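The structure under discussion appears below in the form of structure tokens.
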Amino acid sequence: MKIGTDGVLLGAWCPIENNPFSVLDIGAGTGILALMLAQRSNAQQIDALEIDENAYEQCVDNFESSPWGDRLFCFHAGLDEFMDEPEEEYDIIISNPPFYSEDYKTESEQRDLARFKDALPFEDLVEAVQLLLSENGIFAVIIPFKEEERFIDLCAEAELYPVKVTRVKGTPTSEIKRSLLAFKRYELSVLTAEELVIETARHQYTEEYIALTKDFYLKM
């Protein structure tokens, strides 16, 4: 499981102004989001959820090798199992969900599980957040821009409303590819969407991208 730009963006961008005590990373993969929030916040309980066995084992290894191992825990389970007996509410729920919805599938079952939307439908994710998010909690996610309107509508049905929107472009001239979205249980009267450009040329990162992510790279 490689570290992707989407994960780094979301982990660095996720709002933490509610000073979270508890965090849940749904579909943790390598655990990068949980690790980034451990680095950024004082949250004492940081749980991660991962269904794939290889990814789960790698996530646990990464947690145990980190300086924040005593605050991090990974569950080897699917979201449906995890929700069967919900005992906690979380101040931040964060997810970089698998959202590739093309009709073809690869020869690798593990890659398919990680990459295709049927591994974690948006409806299931939003239902879980509605159940598990604390009263003043924040739900943060990164999705394809083309799915933004539908996802916001889905969240509205669960009485979750956008409080921060950043649309991501690879270069100044490319089309918007991703939407970074943060939701709370109450609605803002005014919401202004922002735009973030990653590069001006290959490996020539913008000042905004560097400022956002520099705390997480050894070389930038």
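Following the order of the structure tokens, first chain is A, next is B, and so on, with residues numbered from 1 inside each chain and ligands from 1 in the order they appear.
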
List as a Markdown table every residue of region 139-167 of chain A that is in contact with region 124-129 of chain A, defined as an atom at most 9 Å from one of its atoms (using only C-alpha atoms), together with the nearest atom pair and the distance in Å rounded to one decimal, sorted by chain and then rising number.
```
| residue | atom | partner | partner_atom | distance |
| --- | --- | --- | --- | --- |
| A:Phe139 | CA | A:Val129 | CA | 7.3 |
| A:Phe151 | CA | A:Val126 | CA | 8.8 |
| A:Leu154 | CA | A:Val126 | CA | 7.3 |
| A:Cys155 | CA | A:Val126 | CA | 6.3 |
| A:Ala158 | CA | A:Glu127 | CA | 7.3 |
| A:Leu160 | CA | A:Val126 | CA | 8.8 |
```

Preceding selection exported with N, CA and C atoms as a PDB file, in the first residue's frame:
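Full text of out.pdb as output:
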```pdb
ATOM      1  N   PHE A 139     -16.245  15.587  10.509  1.00  0.00           N
ATOM      2  CA  PHE A 139     -16.061  14.480   9.577  1.00  0.00           C
ATOM      3  C   PHE A 139     -15.323  15.014   8.360  1.00  0.00           C
ATOM      4  N   PHE A 151     -22.270  13.655  -2.786  1.00  0.00           N
ATOM      5  CA  PHE A 151     -21.826  13.333  -1.427  1.00  0.00           C
ATOM      6  C   PHE A 151     -22.368  14.355  -0.421  1.00  0.00           C
ATOM      7  N   LEU A 154     -25.934  13.524   0.194  1.00  0.00           N
ATOM      8  CA  LEU A 154     -26.028  12.349   1.071  1.00  0.00           C
ATOM      9  C   LEU A 154     -25.839  12.743   2.533  1.00  0.00           C
ATOM     10  N   CYS A 155     -24.839  13.575   2.776  1.00  0.00           N
ATOM     11  CA  CYS A 155     -24.565  14.023   4.140  1.00  0.00           C
ATOM     12  C   CYS A 155     -25.708  14.870   4.687  1.00  0.00           C
ATOM     13  N   ALA A 158     -28.332  13.036   6.302  1.00  0.00           N
ATOM     14  CA  ALA A 158     -27.933  12.571   7.635  1.00  0.00           C
ATOM     15  C   ALA A 158     -27.712  13.747   8.588  1.00  0.00           C
ATOM     16  N   LEU A 160     -25.686  16.267   8.268  1.00  0.00           N
ATOM     17  CA  LEU A 160     -24.271  16.633   8.321  1.00  0.00           C
ATOM     18  C   LEU A 160     -24.038  17.680   7.232  1.00  0.00           C
TER      19      LEU A 160
END
```

Per-residue DSSP, region 144-181 of chain A, filtered to strand (DSSP E or B), as JSON, numbers by chain
{"A": [144, 161, 162, 163, 164, 165, 166, 167, 168, 169, 176, 177, 178, 179, 180, 181]}

Give the answer as one residue: which of A:Phe63, A:Ile51, A:Val23, A:Glu123 has the shortest atom-to-atom distance to Phe82 (chain A), using only C-alpha atoms?
A:Ile51

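The residue set within 12 Å of Lys2 (chain A), counting only C-alpha atoms and dropping same-chain residues fewer than 2 places from it, reads Gly4, Thr5, Asp6, Gly7, Val8, Gly29, Thr30, Gly31, Ile32, Ala55, Gln58, Cys59, Arg111 and Ala114 of chain A.
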
Resulting file, chosen residues, C-alpha atoms, as a compact mmCIF listing (two decimals), in the first residue's frame:
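Saved as out_32.txt:
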```txt
# COMPACT_ATOMS: atom_id res chain seq x y z
CA GLY A 4 -0.69 8.63 -2.00
CA THR A 5 -1.08 12.38 -2.36
CA ASP A 6 -4.75 12.11 -1.40
CA GLY A 7 -3.92 10.73 2.03
CA VAL A 8 -1.22 13.28 2.71
CA GLY A 29 -4.68 1.33 4.85
CA THR A 30 -1.15 1.97 6.10
CA GLY A 31 -2.51 4.14 8.93
CA ILE A 32 -1.20 7.40 7.50
CA ALA A 55 -2.94 -3.58 5.15
CA GLN A 58 1.21 -3.02 8.02
CA CYS A 59 -0.90 -0.44 9.84
CA ARG A 111 -5.96 -3.96 -5.12
CA ALA A 114 -8.55 -0.99 -1.85
```

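For the atom pair formed by CA of Ala211 (chain A) and CA of Pro98 (chain A), the distance is 26.7 Å, given to one decimal.
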
Tyr217 (chain A) environment, 12 Å, only C-alpha atoms, sequence neighbours closer than 4 positions dropped, as an MDAnalysis selection string
chainID A and resid 3 5 8:9 12 36 209:213

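Minimum atom-to-atom distances from A:Ile142, A:Leu191, A:Ile152, A:Leu131 to Cys14 (chain A) were compared using only C-alpha atoms, and the lowest value belongs to A:Ile142.
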
Spatial neighbours of Lys184 (chain A), 7 Å, only C-alpha atoms, chain gap at least 3 places, as JSON, numbers by chain:
{"A": [136, 137, 138, 139, 160, 161, 162, 163]}

Pick out the residues sitting within 12 Å of Gln45 (chain A), and hand them over as a list of chain:residue names; count only C-alpha atoms, and ignore anything fewer than 4 positions along from it in its own chain.
A:Pro20, A:Phe21, A:Ser22, A:Val23, A:Leu24, A:Asp25, A:Ala34, A:Leu35, A:Leu37, A:Ala38, A:Ser41, A:Trp68, A:Gly69, A:Asp70, A:Arg71, A:Leu72, A:Phe73, A:Cys74, A:Glu88, A:Glu89, A:Tyr90, A:Asp91, A:Ile92, A:Ile93

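Nearest to Leu120 (chain A) of all the residues A:Glu194, A:Asp47, A:Asp80, A:Asp153 is A:Asp80, based on only C-alpha atoms.
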
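Here the question is which of A:Asn62, A:Leu132, A:Asp52, A:Asn18 gets nearest to Glu85 (chain A) using only C-alpha atoms, and that residue is A:Leu132.
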
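Separating CA of Ala193 (chain A) from CA of Val165 (chain A) is a distance of 4.9 Å.
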
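Counting from CA of Ile26 (chain A), the distance to CA of Glu175 (chain A) is 27.9 Å.
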